[in-house]
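K.L.:
Just data-v6.cif, nothing more (mmCIF, C-alpha atoms):
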data_upload
loop_
_atom_site.label_atom_id
_atom_site.label_comp_id
_atom_site.auth_asym_id
_atom_site.auth_seq_id
_atom_site.Cartn_x
_atom_site.Cartn_y
_atom_site.Cartn_z
CA MET A 1 45.36 -3.59 95.42
CA THR A 2 43.72 -5.96 93.00
CA ASP A 3 42.62 -4.63 89.53
CA THR A 4 38.94 -5.59 89.13
CA SER A 5 38.35 -3.88 85.72
CA PHE A 6 37.06 -6.09 82.87
CA LYS A 7 39.66 -7.27 80.42
CA PRO A 8 38.40 -9.42 77.49
CA ASP A 9 40.41 -12.51 76.81
CA ARG A 10 42.26 -13.08 73.54
CA ASP A 11 39.44 -15.08 71.90
CA CYS A 12 36.87 -12.35 72.60
CA GLN A 13 39.12 -9.71 71.09
CA GLN A 14 39.55 -11.77 67.92
CA ARG A 15 35.79 -12.24 67.57
CA ILE A 16 35.21 -8.48 67.88
CA ALA A 17 37.90 -7.76 65.28
CA TRP A 18 36.46 -10.29 62.79
CA ARG A 19 32.97 -8.82 63.21
CA ARG A 20 34.30 -5.35 62.42
CA ILE A 21 36.09 -6.66 59.34
CA ALA A 22 32.94 -8.46 58.14
CA SER A 23 30.82 -5.34 58.61
CA LEU A 24 33.33 -3.21 56.70
CA ALA A 25 33.50 -5.76 53.88
CA ALA A 26 29.70 -5.87 53.59
CA ALA A 27 29.50 -2.10 53.40
CA LEU A 28 32.22 -1.96 50.73
CA SER A 29 30.45 -4.68 48.72
CA ALA A 30 27.16 -2.78 48.83
CA LEU A 31 28.85 0.41 47.64
CA ALA A 32 30.57 -1.45 44.80
CA PHE A 33 27.26 -3.05 43.76
CA MET A 34 25.43 0.28 43.65
CA ALA A 35 28.25 1.89 41.69
CA GLY A 36 28.08 -0.92 39.16
CA ILE A 37 24.31 -0.57 38.74
CA CYS A 38 24.60 3.19 38.22
CA SER A 39 27.32 2.79 35.62
CA LEU A 40 25.36 0.15 33.68
CA ARG A 41 21.98 1.91 33.85
CA PRO A 42 22.32 4.03 30.65
CA ARG A 43 23.53 0.99 28.70
CA TRP A 44 20.78 -1.19 30.17
CA GLN A 45 18.09 1.32 29.19
CA GLN A 46 19.53 1.59 25.68
CA GLU A 47 19.65 -2.16 25.14
CA ILE A 48 16.33 -3.35 26.57
CA GLY A 49 13.99 -0.39 26.41
CA PRO A 50 12.99 2.53 24.17
CA PRO A 51 13.55 6.11 25.26
CA PRO A 52 10.81 7.67 27.39
CA VAL A 53 7.71 8.86 25.57
CA ASN A 54 7.80 12.60 24.88
CA LEU A 55 4.52 14.18 25.96
CA GLY A 56 5.69 17.72 25.23
CA THR A 57 4.63 20.74 27.23
CA ALA A 58 1.11 21.59 28.35
CA GLN A 59 0.89 24.16 25.54
CA MET A 60 2.03 21.62 22.93
CA GLN A 61 -0.59 19.16 24.18
CA ALA A 62 -3.39 21.73 24.03
CA GLU A 63 -2.42 22.98 20.57
CA ALA A 64 -2.27 19.49 19.07
CA MET A 65 -5.69 18.62 20.51
CA ALA A 66 -7.22 21.91 19.38
CA LEU A 67 -5.96 21.42 15.82
CA ALA A 68 -7.21 17.83 15.74
CA ILE A 69 -10.81 18.85 16.44
CA ARG A 70 -10.56 21.56 13.79
CA GLN A 71 -9.94 18.96 11.11
CA ARG A 72 -12.94 18.25 8.95
CA PRO A 73 -14.75 15.10 10.19
CA PRO A 74 -13.66 12.52 7.62
CA PHE A 75 -17.06 11.03 6.84
CA LEU A 76 -18.75 14.31 5.95
CA PRO A 77 -19.40 14.67 2.23
CA PRO A 78 -17.15 17.36 0.74
CA PRO A 79 -18.82 20.52 -0.49
CA PRO A 80 -19.77 20.44 -4.18
CA PRO A 81 -17.22 22.07 -6.46
CA VAL A 82 -17.95 25.55 -7.68
CA PRO A 83 -18.73 25.37 -11.41
CA GLN A 84 -16.23 27.24 -13.53
CA PRO A 85 -17.23 28.90 -16.79
CA THR A 86 -15.88 27.15 -19.85
CA VAL A 87 -14.06 29.43 -22.25
CA LEU A 88 -13.63 28.01 -25.73
CA PRO A 89 -10.81 29.24 -27.93
CA SER A 90 -11.89 31.34 -30.89
CA SER A 91 -9.59 29.45 -33.22
CA LEU A 92 -7.57 26.27 -33.28
CA SER A 93 -4.39 28.31 -33.10
CA GLU A 94 -5.23 29.25 -29.53
CA VAL A 95 -5.47 25.64 -28.36
CA PRO A 96 -2.40 24.86 -26.25
CA THR A 97 -0.22 22.17 -27.75
CA THR A 98 1.91 21.44 -24.66
CA PRO A 99 0.88 20.63 -21.07
CA GLN A 100 0.54 23.71 -18.91
CA THR A 101 2.43 23.97 -15.63
CA PRO A 102 0.12 24.55 -12.67
CA SER A 103 0.49 27.98 -11.19
CA THR A 104 0.29 26.58 -7.64
CA ARG A 105 2.55 23.75 -6.59
CA VAL A 106 0.84 20.98 -4.67
CA ASP A 107 2.60 20.46 -1.36
CA ARG A 108 3.05 16.73 -0.77
CA TRP A 109 3.67 17.26 2.95
CA GLY A 110 0.24 18.58 3.82
CA PRO A 111 -3.10 19.83 2.61
CA GLN A 112 -3.19 23.34 1.23
CA GLU A 113 -5.99 24.32 3.64
CA GLN A 114 -4.32 24.24 7.04
CA PRO A 115 -6.42 24.38 10.22
CA GLN A 116 -5.75 27.36 12.45
CA LEU A 117 -6.08 27.58 16.21
CA THR A 118 -8.37 30.57 15.67
CA ASP A 119 -10.72 28.67 13.33
CA PRO A 120 -14.23 28.12 14.73
CA VAL A 121 -15.22 24.58 15.59
CA GLY A 122 -18.29 23.29 13.76
CA GLU A 123 -21.58 23.60 15.60
CA ASP A 124 -22.20 19.90 15.02
CA ILE A 125 -18.93 18.84 16.72
CA TYR A 126 -18.75 17.95 20.40
CA VAL A 127 -15.53 17.00 22.16
CA MET A 128 -15.58 14.36 24.87
CA GLU A 129 -14.14 15.89 28.04
CA GLN A 130 -12.09 12.77 28.86
CA THR A 131 -9.48 11.18 26.61
CA LEU A 132 -10.08 7.68 25.25
CA PRO A 133 -7.40 5.30 26.56
CA TYR A 134 -6.17 2.13 24.91
CA CYS A 135 -7.33 -1.20 26.26
CA TRP A 136 -4.85 -3.27 28.27
CA PRO A 137 -5.22 -6.27 30.61
CA GLY A 138 -6.43 -5.19 34.00
CA SER A 139 -7.67 -1.80 32.84
CA SER A 140 -10.54 -0.35 34.86
CA ALA A 141 -11.45 2.31 32.27
CA SER A 142 -15.16 2.72 31.58
CA THR A 143 -14.38 2.87 27.84
CA CYS A 144 -11.25 2.07 25.87
CA GLN A 145 -10.09 1.45 22.31
CA GLU A 146 -8.28 -1.58 20.99
CA VAL A 147 -4.75 -1.20 19.69
CA ASP A 148 -4.55 -1.42 15.91
CA ASP A 149 -2.02 -0.52 13.25
CA LEU A 150 -3.09 2.50 11.21
CA VAL A 151 0.30 3.43 9.72
CA LEU A 152 0.44 2.26 6.12
CA PRO A 153 3.33 0.08 4.93
CA LEU A 154 6.37 1.82 3.57
CA ASP A 155 5.82 3.18 0.07
CA ASP A 156 7.06 6.05 -2.04
CA ARG A 157 5.01 8.64 -0.09
CA TRP A 158 7.52 8.97 2.73
CA PRO A 159 11.27 8.60 3.12
CA PRO A 160 12.19 5.58 5.27
CA ASP A 161 13.18 7.77 8.24
CA ILE A 162 9.83 9.60 8.26
CA HIS A 163 7.96 6.30 7.98
CA ALA A 164 9.96 4.90 10.90
CA LEU A 165 9.17 8.03 12.91
CA ARG A 166 5.44 7.60 12.28
CA LEU A 167 5.62 3.98 13.43
CA GLN A 168 7.44 5.06 16.60
CA LEU A 169 4.89 7.78 17.37
CA GLN A 170 2.04 5.31 16.86
CA ALA A 171 3.72 2.92 19.30
CA ASP A 172 4.23 5.75 21.82
CA LEU A 173 0.50 6.53 21.83
CA VAL A 174 -0.32 3.29 23.67
CA PRO A 175 1.76 3.75 26.86
CA ALA A 176 0.94 7.47 26.86
CA ASN A 177 -2.78 6.65 26.94
CA ARG A 178 -3.07 3.81 29.40
CA ARG A 179 -5.55 5.84 31.45
CA SER A 180 -8.20 8.41 30.70
CA THR A 181 -7.30 12.00 31.52
CA PRO A 182 -9.24 15.28 31.28
CA VAL A 183 -8.87 17.16 28.02
CA PRO A 184 -7.11 20.46 28.86
CA ALA A 185 -9.35 23.51 29.06
CA ALA A 186 -7.07 25.29 26.59
CA ALA A 187 -7.80 22.59 24.01
CA LEU A 188 -11.56 22.98 24.52
CA ALA A 189 -11.54 26.75 24.03
CA GLY A 190 -14.11 27.66 21.39
CA ALA A 191 -15.49 24.12 21.21
CA GLN A 192 -18.54 22.40 22.62
CA TRP A 193 -17.84 19.52 24.94
CA THR A 194 -19.81 16.79 26.64
CA ASP A 195 -19.28 13.69 28.74
CA SER A 196 -20.29 10.06 28.48
CA ALA A 197 -23.34 10.47 30.74
CA GLU A 198 -24.81 13.25 28.56
CA LEU A 199 -24.10 11.30 25.39
CA ARG A 200 -25.77 8.23 26.86
CA ALA A 201 -28.83 10.27 27.80
CA LEU A 202 -28.96 11.79 24.34
CA ARG A 203 -28.90 8.36 22.73
CA GLU A 204 -31.65 7.14 25.02
CA GLN A 205 -33.75 10.03 23.71
CA GLY A 206 -33.11 8.84 20.19
CA CYS A 207 -30.94 11.87 19.38
CA ARG A 208 -34.02 14.08 19.30
CA ALA A 209 -35.65 16.97 21.16
CA THR A 210 -32.67 19.22 21.80
CA VAL A 211 -32.09 22.93 21.56
CA HIS A 212 -30.26 22.35 18.27
CA GLY A 213 -33.37 21.12 16.49
CA PRO A 214 -35.55 18.04 16.08
CA THR A 215 -32.65 15.69 15.44
CA ARG A 216 -28.97 15.42 16.20
CA LYS A 217 -28.14 12.12 14.59
CA TYR A 218 -25.64 13.86 12.34
CA ASP A 219 -23.72 15.46 15.22
CA HIS A 220 -20.13 14.33 15.62
CA PHE A 221 -18.44 13.45 18.90
CA ALA A 222 -14.65 13.53 18.96
CA TYR A 223 -12.73 11.20 21.26
CA LEU A 224 -9.14 12.37 21.65
CA THR A 225 -5.99 10.80 23.01
CA ARG A 226 -3.05 12.53 24.60
CA PRO A 227 -0.72 13.44 21.74
CA VAL A 228 2.89 12.29 21.63
CA PHE A 229 5.87 14.09 20.15
CA SER A 230 9.16 13.21 18.54
CA VAL A 231 12.36 13.57 20.55
CA ASP A 232 13.14 16.91 18.91
CA GLY A 233 9.55 18.13 19.38
CA GLN A 234 9.08 18.78 15.65
CA TRP A 235 6.51 16.03 14.97
CA ALA A 236 3.30 15.17 16.80
CA MET A 237 0.69 12.45 16.49
CA ILE A 238 -2.75 12.17 18.08
CA ALA A 239 -5.40 9.49 17.65
CA VAL A 240 -8.94 10.71 17.02
CA ALA A 241 -12.14 8.67 16.99
CA TRP A 242 -15.11 10.41 15.37
CA ASP A 243 -18.38 9.02 16.68
CA SER A 244 -21.95 9.79 15.66
CA CYS A 245 -24.93 10.20 17.90
CA SER A 246 -26.28 6.83 16.83
CA GLY A 247 -22.99 5.18 17.74
CA ASP A 248 -23.31 2.50 15.09
CA PHE A 249 -20.10 3.44 13.31
CA VAL A 250 -16.92 5.18 14.41
CA TYR A 251 -14.13 6.51 12.21
CA ARG A 252 -10.61 6.42 13.59
CA GLU A 253 -7.48 8.11 12.28
CA LEU A 254 -4.04 9.29 13.32
CA VAL A 255 -3.60 13.04 12.88
CA VAL A 256 0.02 13.97 12.17
CA LEU A 257 1.42 17.46 12.76
CA HIS A 258 4.78 18.92 11.80
CA ARG A 259 6.38 22.07 13.19
CA GLU A 260 7.02 24.55 10.39
CA GLN A 261 7.29 28.33 10.32
CA GLU A 262 6.85 28.47 14.12
CA ARG A 263 3.46 26.75 14.01
CA TRP A 264 1.97 23.29 13.69
CA MET A 265 1.16 22.23 10.14
CA ALA A 266 -1.12 19.29 9.38
CA ALA A 267 0.56 16.48 7.48
CA PRO A 268 -1.43 13.82 5.64
CA PRO A 269 -3.02 11.61 8.31
CA GLU A 270 -2.49 7.90 8.50
CA ARG A 271 -5.33 5.87 7.07
CA GLY A 272 -8.65 5.82 8.80
CA LEU A 273 -10.23 2.65 10.10
CA GLY A 274 -13.85 2.11 10.91
CA GLY A 275 -14.85 1.04 14.37
CA ILE A 276 -17.81 -0.22 16.33
CA TRP A 277 -18.60 -0.17 20.05
CA ASP A 278 -18.64 -3.60 21.67
CA GLY A 279 -19.87 -2.82 25.14
CA ARG A 280 -17.30 -0.45 26.59
CA ILE A 281 -14.63 -1.33 24.01
CA LEU A 282 -14.12 0.40 20.66
CA ARG A 283 -13.04 -2.31 18.24
CA PRO A 284 -11.82 -1.87 14.66
CA TRP A 285 -14.36 -2.67 12.00
CA THR A 286 -13.08 -5.24 9.50
CA TYR A 287 -13.45 -4.37 5.85
CA ASN A 288 -14.66 -7.13 3.57
CA HIS A 289 -12.45 -6.97 0.51
#
Would you mind writing the structure in this file as structure tokens?
P.N.:
Amino acid sequence: MTDTSFKPDRDCQQRIAWRRIASLAAALSALAFMAGICSLRPRWQQEIGPPPVNLGTAQMQAEAMALAIRQRPPFLPPPPPVPQPTVLPSSLSEVPTTPQTPSTRVDRWGPQEQPQLTDPVGEDIYVMEQTLPYCWPGSSASTCQEVDDLVLPLDDRWPPDIHALRLQLQADLVPANRRSTPVPAAALAGAQWTDSAELRALREQGCRATVHGPTRKYDHFAYLTRPVFSVDGQWAMIAVAWDSCSGDFVYRELVVLHREQERWMAAPPERGLGGIWDGRILRPWTYNH
């Protein structure tokens, strides 16, 4: 009986074997390539890019925003000092001959009057319900603020490491605020808030005829950004733009917070810079020195 089953010739068997070898080699090469990428990824991130921006927890975000709007608006005139009675010595022998040491040490790391989360927000302060992003090419935001440098040059106020940290936090604010986001409800607790449509309508009315009285041109509108935090979560920075109802001048500053005694303490802010609205863009106002 003749065997009619198919038997591949020698050349066909060699072609099948070489194809299997090529497939196995390609698979091994792909595995080696992926292993190399995974092993180099930490080094690649360290060499060409900064660490990811630390946005903190939802509670940290809300607390930083709430404390920022409880800062005194910077362009309000301070309250007049309380006059102190002058007591004259009865004789020259009672006049002190050496400088007197103050009874209260001035803390260089922050103002003595610290804002509290339980402090009431001023009746003339309104918080915009959406954060104010930074401008970047291709942005579709209805409003945005230009990037500017508010951190002062290194001087004797801060150690070099703290100054470098402030510069890093300022740089982190830009990628963290590429888009507008809603201000958390926890940050708005106890505060009045509004949106851009209501503010626009108020300005069209000339800042008049509201339930708060005949005029509201002295009301303040706070534009917040999402705060950023240091890697250890002990420092925070948030950009605040204080606008007026007239909108002809905006004051911008970087509020800095430091974690002490299990709460956020306000540190001296970085310098303020005036601003002016140019269409939908908030641009820095140039001082003429």
K.L.:
Which residue out of A:Arg263, A:Trp285, A:Ala185, A:Arg280 has the minimum interatomic distance to A:Ser139 when all atoms listed in the file are used?
P.N.:
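Nearest candidate to A:Ser139 out of A:Arg263, A:Trp285, A:Ala185, A:Arg280: A:Arg280.
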K.L.:
With the PyMOL selection byres ((chain A and resi 132-136) around 9) as the selection, what would be picked from this file? Answer as a list in words, please.
P.N.:
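The output of the PyMOL selection byres ((chain A and resi 132-136) around 9) on this file is Met128, Gln130, Thr131, Pro137, Gly138, Ser139, Ala141, Thr143, Cys144, Gln145, Glu146, Val147, Leu173, Val174, Pro175, Ala176, Asn177, Arg178, Arg179, Ser180, Thr181, Tyr223, Leu224, Thr225, Arg226, Val240, Ala241, Ile281 and Leu282 of chain A.
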K.L.:
For the file shown, what are the residues hit by the PyMOL selection byres ((chain A and resi 192-206) around 12), laid out as an MDAnalysis selection string?
P.N.:
chainID A and resid 66 69:70 120:132 142:143 182:185 187:191 207:211 214:224 243:248 280
K.L.:
Which one is closest to A:Leu167: A:Met65, A:Ala239, A:Leu150, A:Leu117? Count only C-alpha atoms.
P.N.:
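Checking each candidate against A:Leu167, we get A:Leu150 as the closest.
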K.L.:
Mind telling me what the PyMOL selection byres ((chain A and resi 154) around 12) catches here, as a PyMOL selection string?
P.N.:
chain A and resi 151-153+155-167+270
K.L.:
Generate the output file for the selected residues, C-alpha atoms, as a PDB file, in the frame of the given file.
P.N.:
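Listing of out.pdb after writing:
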ATOM      1  CA  VAL A 151       0.300   3.430   9.720  1.00  0.00           C
ATOM      2  CA  LEU A 152       0.440   2.260   6.120  1.00  0.00           C
ATOM      3  CA  PRO A 153       3.330   0.080   4.930  1.00  0.00           C
ATOM      4  CA  ASP A 155       5.820   3.180   0.070  1.00  0.00           C
ATOM      5  CA  ASP A 156       7.060   6.050  -2.040  1.00  0.00           C
ATOM      6  CA  ARG A 157       5.010   8.640  -0.090  1.00  0.00           C
ATOM      7  CA  TRP A 158       7.520   8.970   2.730  1.00  0.00           C
ATOM      8  CA  PRO A 159      11.270   8.600   3.120  1.00  0.00           C
ATOM      9  CA  PRO A 160      12.190   5.580   5.270  1.00  0.00           C
ATOM     10  CA  ASP A 161      13.180   7.770   8.240  1.00  0.00           C
ATOM     11  CA  ILE A 162       9.830   9.600   8.260  1.00  0.00           C
ATOM     12  CA  HIS A 163       7.960   6.300   7.980  1.00  0.00           C
ATOM     13  CA  ALA A 164       9.960   4.900  10.900  1.00  0.00           C
ATOM     14  CA  LEU A 165       9.170   8.030  12.910  1.00  0.00           C
ATOM     15  CA  ARG A 166       5.440   7.600  12.280  1.00  0.00           C
ATOM     16  CA  LEU A 167       5.620   3.980  13.430  1.00  0.00           C
ATOM     17  CA  GLU A 270      -2.490   7.900   8.500  1.00  0.00           C
TER      18      GLU A 270
END
K.L.:
Calculate how many Å separate atom CA of A:Trp242 from atom CA of A:Ser230, rounding to one decimal.
P.N.:
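Answer for the atom CA of A:Trp242 to atom CA of A:Ser230 separation: 24.6 Å.
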